[in-house]
Structure formats: C-alpha cells, structure tokens
>>> print(open('data-v4.tsv').read())   # TSV, C-alpha atoms
chain	number	residue	atom	x	y	z
R	1	ARG	CA	0.00	0.00	0.00
R	2	LEU	CA	1.01	3.60	-0.50
R	3	GLU	CA	1.14	4.23	3.26
R	4	ARG	CA	4.15	1.90	3.45
R	5	ALA	CA	5.72	3.32	0.29
R	6	LEU	CA	5.34	6.94	1.49
R	7	PRO	CA	5.64	6.83	5.30
R	8	HIS	CA	6.15	10.60	5.68
R	9	VAL	CA	2.83	11.63	4.12
R	10	PRO	CA	0.55	13.11	6.83
R	11	SER	CA	-2.32	10.91	7.99
R	12	SER	CA	-4.80	13.60	6.95
R	13	LEU	CA	-3.65	13.20	3.35
R	14	TRP	CA	-4.20	9.45	3.49
R	15	LEU	CA	-7.84	10.12	4.33
R	16	ILE	CA	-8.04	12.06	1.08
R	17	VAL	CA	-6.32	9.17	-0.69
R	18	GLU	CA	-8.84	6.66	0.62
R	19	LEU	CA	-11.82	8.83	-0.26
R	20	CYS	CA	-10.79	10.17	-3.63
R	21	GLY	CA	-7.72	8.29	-4.83
R	22	LEU	CA	-4.20	9.66	-5.18
R	23	MET	CA	-3.90	11.80	-8.33
R	24	GLY	CA	-7.50	10.77	-9.02
R	25	ASN	CA	-7.07	7.09	-9.85
R	26	GLY	CA	-5.18	5.90	-6.79
R	27	ALA	CA	-1.79	5.12	-8.35
R	28	ILE	CA	0.23	2.41	-6.61
R	29	PRO	CA	3.96	1.68	-6.72
R	30	GLY	CA	5.01	0.20	-10.07
R	31	GLU	CA	2.06	1.67	-11.98
R	32	ASN	CA	2.40	4.52	-14.44
R	33	LEU	CA	-0.06	7.38	-14.66
R	34	GLU	CA	-0.52	9.92	-17.44
R	35	VAL	CA	0.02	13.47	-16.25
R	36	ILE	CA	-0.07	16.90	-17.84
R	37	LEU	CA	2.80	19.34	-17.36
R	38	SER	CA	2.02	23.00	-18.09
R	39	LEU	CA	4.50	25.86	-18.31
R	40	HIS	CA	2.60	29.01	-17.34
R	41	SER	CA	5.27	31.67	-17.18
R	42	VAL	CA	8.99	32.47	-17.18
R	43	HIS	CA	10.40	35.38	-15.15
R	44	ASN	CA	13.77	37.07	-14.76
R	45	VAL	CA	15.47	35.45	-17.76
R	46	ASP	CA	17.72	37.76	-19.76
R	47	HIS	CA	16.45	37.79	-23.32
R	48	ALA	CA	16.60	39.90	-26.45
R	49	PRO	CA	13.45	41.75	-27.66
R	50	ASN	CA	13.03	39.22	-30.49
R	51	GLU	CA	13.36	36.13	-28.28
R	52	SER	CA	10.48	34.10	-26.86
R	53	TYR	CA	10.54	31.10	-24.55
R	54	TYR	CA	9.38	27.52	-24.62
R	55	GLY	CA	10.13	24.37	-22.65
R	56	MET	CA	11.11	20.81	-23.52
R	57	ALA	CA	9.97	18.14	-21.04
R	58	THR	CA	11.19	14.60	-20.40
R	59	ASN	CA	10.46	11.74	-18.01
R	60	HIS	CA	14.00	10.39	-18.58
R	61	THR	CA	12.66	7.06	-19.86
R	62	SER	CA	11.69	7.93	-23.44
R	63	GLU	CA	14.15	9.30	-25.96
R	64	ALA	CA	11.88	12.08	-27.22
R	65	GLU	CA	11.49	15.35	-25.34
R	66	LEU	CA	8.11	17.05	-25.59
R	67	PRO	CA	7.52	20.78	-26.14
R	68	VAL	CA	5.57	22.53	-23.39
R	69	THR	CA	4.04	26.01	-23.06
R	70	SER	CA	0.97	27.41	-21.31
R	71	GLU	CA	-1.12	26.71	-24.41
R	72	ARG	CA	0.55	23.43	-25.27
R	73	PRO	CA	0.96	21.23	-22.18
R	74	ALA	CA	3.02	18.06	-22.35
R	75	ARG	CA	1.54	14.61	-21.60
R	76	LEU	CA	3.93	12.20	-19.92
R	77	ALA	CA	3.74	8.84	-18.16
R	78	VAL	CA	5.10	8.77	-14.60
R	79	GLY	CA	5.44	6.39	-11.67
R	80	LEU	CA	6.15	7.11	-8.02
R	81	ASP	CA	9.90	7.00	-8.57
R	82	SER	CA	9.89	9.01	-11.80
R	83	VAL	CA	11.68	12.30	-12.27
R	84	LEU	CA	10.26	14.84	-14.72
R	85	SER	CA	12.46	17.60	-16.06
R	86	VAL	CA	11.77	20.66	-18.16
R	87	ARG	CA	14.45	22.74	-19.87
R	88	ILE	CA	13.74	26.33	-20.92
R	89	PHE	CA	14.90	27.61	-24.30
R	90	LEU	CA	14.89	31.06	-25.88
R	91	HIS	CA	13.97	31.18	-29.55
R	92	PRO	CA	14.83	34.14	-31.83
R	93	ARG	CA	11.76	34.85	-33.92
R	94	GLY	CA	12.14	34.02	-37.58
R	95	SER	CA	15.10	31.68	-37.08
R	96	ASN	CA	15.30	27.88	-37.02
R	97	ARG	CA	15.62	25.95	-33.78
R	98	THR	CA	19.34	25.34	-34.18
R	99	SER	CA	19.91	28.86	-32.89
R	100	ASP	CA	17.76	28.37	-29.77
R	101	ARG	CA	19.67	28.63	-26.51
R	102	PRO	CA	18.98	26.85	-23.19
R	103	VAL	CA	18.74	29.09	-20.13
R	104	GLY	CA	18.06	26.60	-17.33
R	105	HIS	CA	16.02	23.64	-16.14
R	106	VAL	CA	14.05	22.16	-13.26
R	107	SER	CA	13.79	18.49	-12.26
R	108	ILE	CA	10.71	17.27	-10.37
R	109	PRO	CA	10.79	13.99	-8.39
R	110	VAL	CA	7.21	12.65	-8.34
R	111	ARG	CA	7.43	10.96	-4.95
R	112	GLU	CA	8.50	14.20	-3.27
R	113	VAL	CA	5.69	16.12	-4.97
R	114	LEU	CA	3.20	13.74	-3.35
R	115	GLU	CA	4.88	14.07	0.02
R	116	THR	CA	5.12	17.87	0.07
R	117	CYS	CA	2.50	19.24	-2.33
R	118	GLY	CA	-0.36	16.71	-2.36
R	119	PRO	CA	-1.55	14.98	-5.54
R	120	GLY	CA	0.08	17.44	-7.94
R	121	LEU	CA	1.51	20.90	-8.55
R	122	TYR	CA	-0.74	23.83	-9.35
R	123	GLN	CA	0.82	27.08	-10.63
R	124	THR	CA	3.89	26.71	-8.46
R	125	TRP	CA	7.12	28.65	-8.96
R	126	PHE	CA	10.58	27.07	-9.22
R	127	LEU	CA	14.00	28.66	-9.48
R	128	LEU	CA	15.89	27.48	-12.55
R	129	ASP	CA	19.09	25.50	-12.27
R	130	ALA	CA	21.82	26.70	-14.60
R	131	ALA	CA	21.76	25.28	-18.12
R	132	SER	CA	23.72	22.01	-18.03
R	133	PRO	CA	23.21	18.33	-18.92
R	134	TYR	CA	20.61	16.55	-16.80
R	135	ASP	CA	21.91	14.43	-13.91
R	136	VAL	CA	19.12	12.55	-12.12
R	137	SER	CA	21.25	9.60	-11.00
R	138	ASN	CA	21.74	11.05	-7.51
R	139	ARG	CA	18.24	10.89	-6.07
R	140	ALA	CA	19.10	12.74	-2.86
R	141	ARG	CA	20.59	15.59	-4.85
R	142	VAL	CA	17.55	15.83	-7.12
R	143	VAL	CA	15.25	15.99	-4.08
R	144	GLU	CA	17.41	18.64	-2.41
R	145	ARG	CA	17.44	20.81	-5.52
R	146	PHE	CA	13.68	20.40	-6.00
R	147	ARG	CA	12.91	21.55	-2.46
R	148	GLN	CA	15.35	24.45	-2.61
R	149	SER	CA	14.03	25.50	-6.02
R	150	MET	CA	10.46	25.67	-4.71
R	151	HIS	CA	11.00	27.10	-1.22
R	152	ALA	CA	13.69	29.68	-2.00
R	153	THR	CA	11.65	31.72	-4.50
R	154	PRO	CA	10.51	34.36	-1.95
R	155	GLN	CA	14.13	34.89	-0.88
R	156	GLU	CA	15.46	35.08	-4.46
R	157	LEU	CA	12.88	37.35	-6.06
R	158	PHE	CA	15.07	38.26	-9.01
R	159	GLY	CA	16.38	34.79	-9.75
R	160	SER	CA	15.34	33.11	-13.01
R	161	ARG	CA	12.19	31.10	-12.34
R	162	ILE	CA	9.28	29.32	-14.00
R	163	CYS	CA	5.69	28.60	-13.01
R	164	LEU	CA	4.51	25.02	-13.52
R	165	SER	CA	1.48	22.82	-13.01
R	166	LEU	CA	1.70	19.02	-12.90
R	167	LEU	CA	-1.66	17.27	-12.65
R	168	GLU	CA	-3.28	14.01	-13.57
R	169	ALA	CA	-4.45	14.06	-17.18
R	170	THR	CA	-8.11	13.81	-16.11
R	171	ALA	CA	-7.91	16.83	-13.78
R	172	GLN	CA	-10.04	19.83	-14.74
R	173	PRO	CA	-8.72	22.92	-12.92
R	174	GLY	CA	-11.29	25.07	-14.68
R	175	GLU	CA	-14.03	23.19	-12.83
R	176	TRP	CA	-12.56	23.52	-9.34
R	177	GLY	CA	-14.42	26.73	-8.59
R	178	LYS	CA	-17.83	25.12	-9.00
R	179	LEU	CA	-19.75	24.42	-5.82
R	180	ASP	CA	-20.63	20.87	-6.92
R	181	ALA	CA	-16.97	19.93	-7.57
R	182	GLU	CA	-16.64	18.49	-4.05
R	183	ARG	CA	-14.28	15.67	-5.01
R	184	GLU	CA	-11.88	18.05	-6.74
R	185	HIS	CA	-12.02	20.46	-3.78
R	186	VAL	CA	-10.85	17.69	-1.44
R	187	THR	CA	-8.39	15.97	-3.78
R	188	TYR	CA	-6.43	19.07	-4.78
R	189	TYR	CA	-6.75	21.08	-1.57
R	190	THR	CA	-3.10	20.58	-0.57
R	191	SER	CA	-1.79	21.46	-4.04
R	192	LEU	CA	-3.80	24.69	-4.09
R	193	PHE	CA	-2.81	25.53	-0.52
R	194	VAL	CA	0.90	25.14	-1.30
R	195	SER	CA	0.52	27.40	-4.35
R	196	HIS	CA	-1.39	30.05	-2.43
R	197	ILE	CA	1.08	30.09	0.46
R	198	GLN	CA	4.01	30.46	-1.95
R	199	THR	CA	2.29	33.31	-3.82
R	200	SER	CA	1.47	35.06	-0.55
R	201	LYS	CA	5.11	34.88	0.59
R	202	MET	CA	6.38	36.14	-2.76
R	203	THR	CA	3.89	39.02	-2.82
R	204	GLN	CA	4.91	40.09	0.68
R	205	ALA	CA	8.57	39.84	-0.30
R	206	TYR	CA	7.94	42.19	-3.25
R	207	PHE	CA	6.19	44.73	-1.03
R	208	ASP	CA	9.08	44.52	1.46
R	209	HIS	CA	11.57	45.05	-1.37
R	210	VAL	CA	9.73	48.09	-2.70
R	211	GLU	CA	9.41	49.54	0.79
R	212	ARG	CA	13.13	49.16	1.43
R	213	SER	CA	14.07	50.54	-1.99
R	214	ALA	CA	11.63	53.48	-2.08
R	215	PRO	CA	9.69	54.12	1.14
R	216	ASP	CA	7.38	56.59	-0.64
R	217	ALA	CA	6.60	54.32	-3.61
R	218	PRO	CA	2.88	53.79	-4.43
R	219	ALA	CA	1.22	50.56	-3.29
R	220	ASP	CA	0.99	49.19	-6.84
R	221	ALA	CA	4.76	49.41	-7.36
R	222	ALA	CA	5.24	45.82	-6.19
R	223	GLU	CA	2.91	44.62	-8.95
R	224	SER	CA	5.01	46.50	-11.49
R	225	VAL	CA	8.18	44.84	-10.21
R	226	TRP	CA	6.49	41.41	-10.39
R	227	GLN	CA	5.34	41.86	-13.99
R	228	GLY	CA	8.57	43.53	-15.09
R	229	GLY	CA	10.52	40.29	-14.85
R	230	ARG	CA	8.33	38.36	-17.24
R	231	ALA	CA	9.81	36.92	-20.44
R	232	ALA	CA	7.84	36.67	-23.66
R	233	GLN	CA	6.09	33.41	-24.54
R	234	ARG	CA	6.64	31.61	-27.79
>>> encode(input="data-v4.tsv", output="structure tokens")
Amino acid sequence: RLERALPHVPSSLWLIVELCGLMGNGAIPGENLEVILSLHSVHNVDHAPNESYYGMATNHTSEAELPVTSERPARLAVGLDSVLSVRIFLHPRGSNRTSDRPVGHVSIPVREVLETCGPGLYQTWFLLDAASPYDVSNRARVVERFRQSMHATPQELFGSRICLSLLEATAQPGEWGKLDAEREHVTYYTSLFVSHIQTSKMTQAYFDHVERSAPDAPADAAESVWQGGRAAQR
C-alpha cells in the first residue's frame, strides 16, 4: 500500500487518498499514470526583444522530449519513482531551432511532490538550475534541488524562475471553482494551498523590497516589479 511506500505523508492526506484516490485514480507503486505538465510563465530570464521562450519536457525514460508552453501542455507517463524535467529555451523569432539557446532547467521527483504538495503541482514557482546536462542519477541531490528550487523563490525574487502545473491528465482545474466539484475540492486542496502560500510569501517579499528601496513608492509598485521580470512566450 502507498502508506508503506510513502511513510512521511501526513495521515490527513491518506484520508483524502482513501476517499478520492491519489492523483485521481489511486496510483500504486510500479504503476504509471498519465500526467499533464504545463509551463505558465517564465520570469527574470535575460532575453533579447526578439526572443520568446518555450520548454522541452522529459520523463528520462523515453528518448523524445516534448515541447511545453501554457497553451501546449506536455503529456507524460510517470510512476512514483519518476523524475520529470523541463528545460527552458529562448527562440529568436524568424530563425530555425538550431539557434535556440537553453537558459536553465528544473527536475521534479514525483514521490517528493506527493509528500510535500499533495496529488500534484498547481501554478507553483521554481527557481531554474543553470543550463547544463541533466543528472538525475543522484536521487538525494535531485530531491534537495527540488525543495530548494520551490521554497527559495521568496528569498530570491530576481532569480530566473518558472511557473509550472503538474496534474493528472483527467484533472479539470477550470471546474474547481464550481460548488458541486466536491471531489476536486478535497483531492487538490493541498496542491492549491501550497501554491497560495508560496504566492502570498512572494507578494509580501515584493512589497518589502519596494518599501526598502523606495519608502514613498505607491502601493501598486510591487505589482510592477512582479510583472517587469516576465519573459515573452513563444
């Protein structure tokens, strides 16, 4: 059972698992589940005016990498011990892809997502690791980088970062606001809570930064700083 495979998951989450299934269908060790990875935004990446961004995603088991943007999510098969990675590229408009340049990547260990974020990721920010070949052979290192990448965003406001969602393929985030979507409310509560807490900390960090930099700045200055770091989407 998953309780033995994931001993650190809080007991309250296991109640959700029993009632609704983990990631919807109740995945168990050894089984693969189809998930959707969405790239919502890229911030604080140095780019030329004619460059736009896109991502390439991999589960490190298939040879092909899949393109991913906010409008074109990637579908991948994962198990509990899978690691998903997405590398960000900048593309000069009007040129072929041979001139695209990588600017960084993030690796996501599925087991740790379940332990720390609930049954998925929803619009969660991650600091980018420097562009380099993937190395997911050291599991402890991957986990450490994943946690640091997610939790350090409020402290590194101007570091290069991306916003991702990773959900079961059958999930319908657009339906979560409906009053009759009780199952979805329960299943994805932790994922939404993690996202909201992170956003709250980042927003406060921006206000603190603006206050330190210009005590007389208007209240909406923090929003301008937030949006100013955004890169263009391909």
>>> closest_residue(input="data-v4.tsv", among="R:Arg111, R:Arg101, R:His196, R:Arg161", to="R:Gly79", atoms="only C-alpha atoms")
R:Arg111
>>> residues_near_point(input="data-v4.tsv", point="(-0.6, 24.3, -7.6)", cutoff="8 Å", atoms="only C-alpha atoms", output="list in words")
Cys117, Gly120, Leu121, Tyr122, Gln123, Thr124, Leu164, Ser165, Leu166, Ser191, Leu192, Phe193, Val194, Ser195 and His196 of chain R
>>> closest_residue(input="data-v4.tsv", among="R:Ile36, R:Met56, R:Ala171, R:Val42", to="R:Arg75", atoms="only C-alpha atoms")
R:Ile36
>>> closest_residue(input="data-v4.tsv", among="R:Asp100, R:Glu168, R:Glu51, R:Asp81", to="R:Ser38", atoms="all atoms listed in the file")
R:Glu168
>>> atom_distance(input="data-v4.tsv", atom1="atom CA of R:Ile197", atom2="atom CA of R:Ala152")
12.9 Å
>>> atom_distance(input="data-v4.tsv", atom1="atom CA of R:Gln148", atom2="atom CA of R:Ala64")
27.8 Å
>>> closest_residue(input="data-v4.tsv", among="R:Glu156, R:Asp46, R:Asp135, R:Glu144", to="R:Lys201", atoms="all atoms listed in the file")
R:Glu156
>>> atom_distance(input="data-v4.tsv", atom1="atom CA of R:Phe89", atom2="atom CA of R:Pro67")
10.2 Å
>>> closest_residue(input="data-v4.tsv", among="R:Thr170, R:Thr61, R:Ser99, R:Ser82", to="R:Val143", atoms="only C-alpha atoms")
R:Ser82
>>> residues_around(input="data-v4.tsv", residues="R:Glu71", least_positions_apart="6", cutoff="12 Å", atoms="only C-alpha atoms", output="PDB file with C-alpha atoms, in the frame of the given file")
ATOM      1  CA  ILE R  36      -0.070  16.900 -17.840  1.00  0.00           C
ATOM      2  CA  LEU R  37       2.800  19.340 -17.360  1.00  0.00           C
ATOM      3  CA  SER R  38       2.020  23.000 -18.090  1.00  0.00           C
ATOM      4  CA  LEU R  39       4.500  25.860 -18.310  1.00  0.00           C
ATOM      5  CA  HIS R  40       2.600  29.010 -17.340  1.00  0.00           C
ATOM      6  CA  SER R  41       5.270  31.670 -17.180  1.00  0.00           C
ATOM      7  CA  TYR R  54       9.380  27.520 -24.620  1.00  0.00           C
ATOM      8  CA  GLY R  55      10.130  24.370 -22.650  1.00  0.00           C
ATOM      9  CA  GLN R 233       6.090  33.410 -24.540  1.00  0.00           C
ATOM     10  CA  ARG R 234       6.640  31.610 -27.790  1.00  0.00           C
TER      11      ARG R 234
END
>>> closest_residue(input="data-v4.tsv", among="R:Ala57, R:Leu66, R:Val210, R:Leu127", to="R:Asn44", atoms="all atoms listed in the file")
R:Leu127
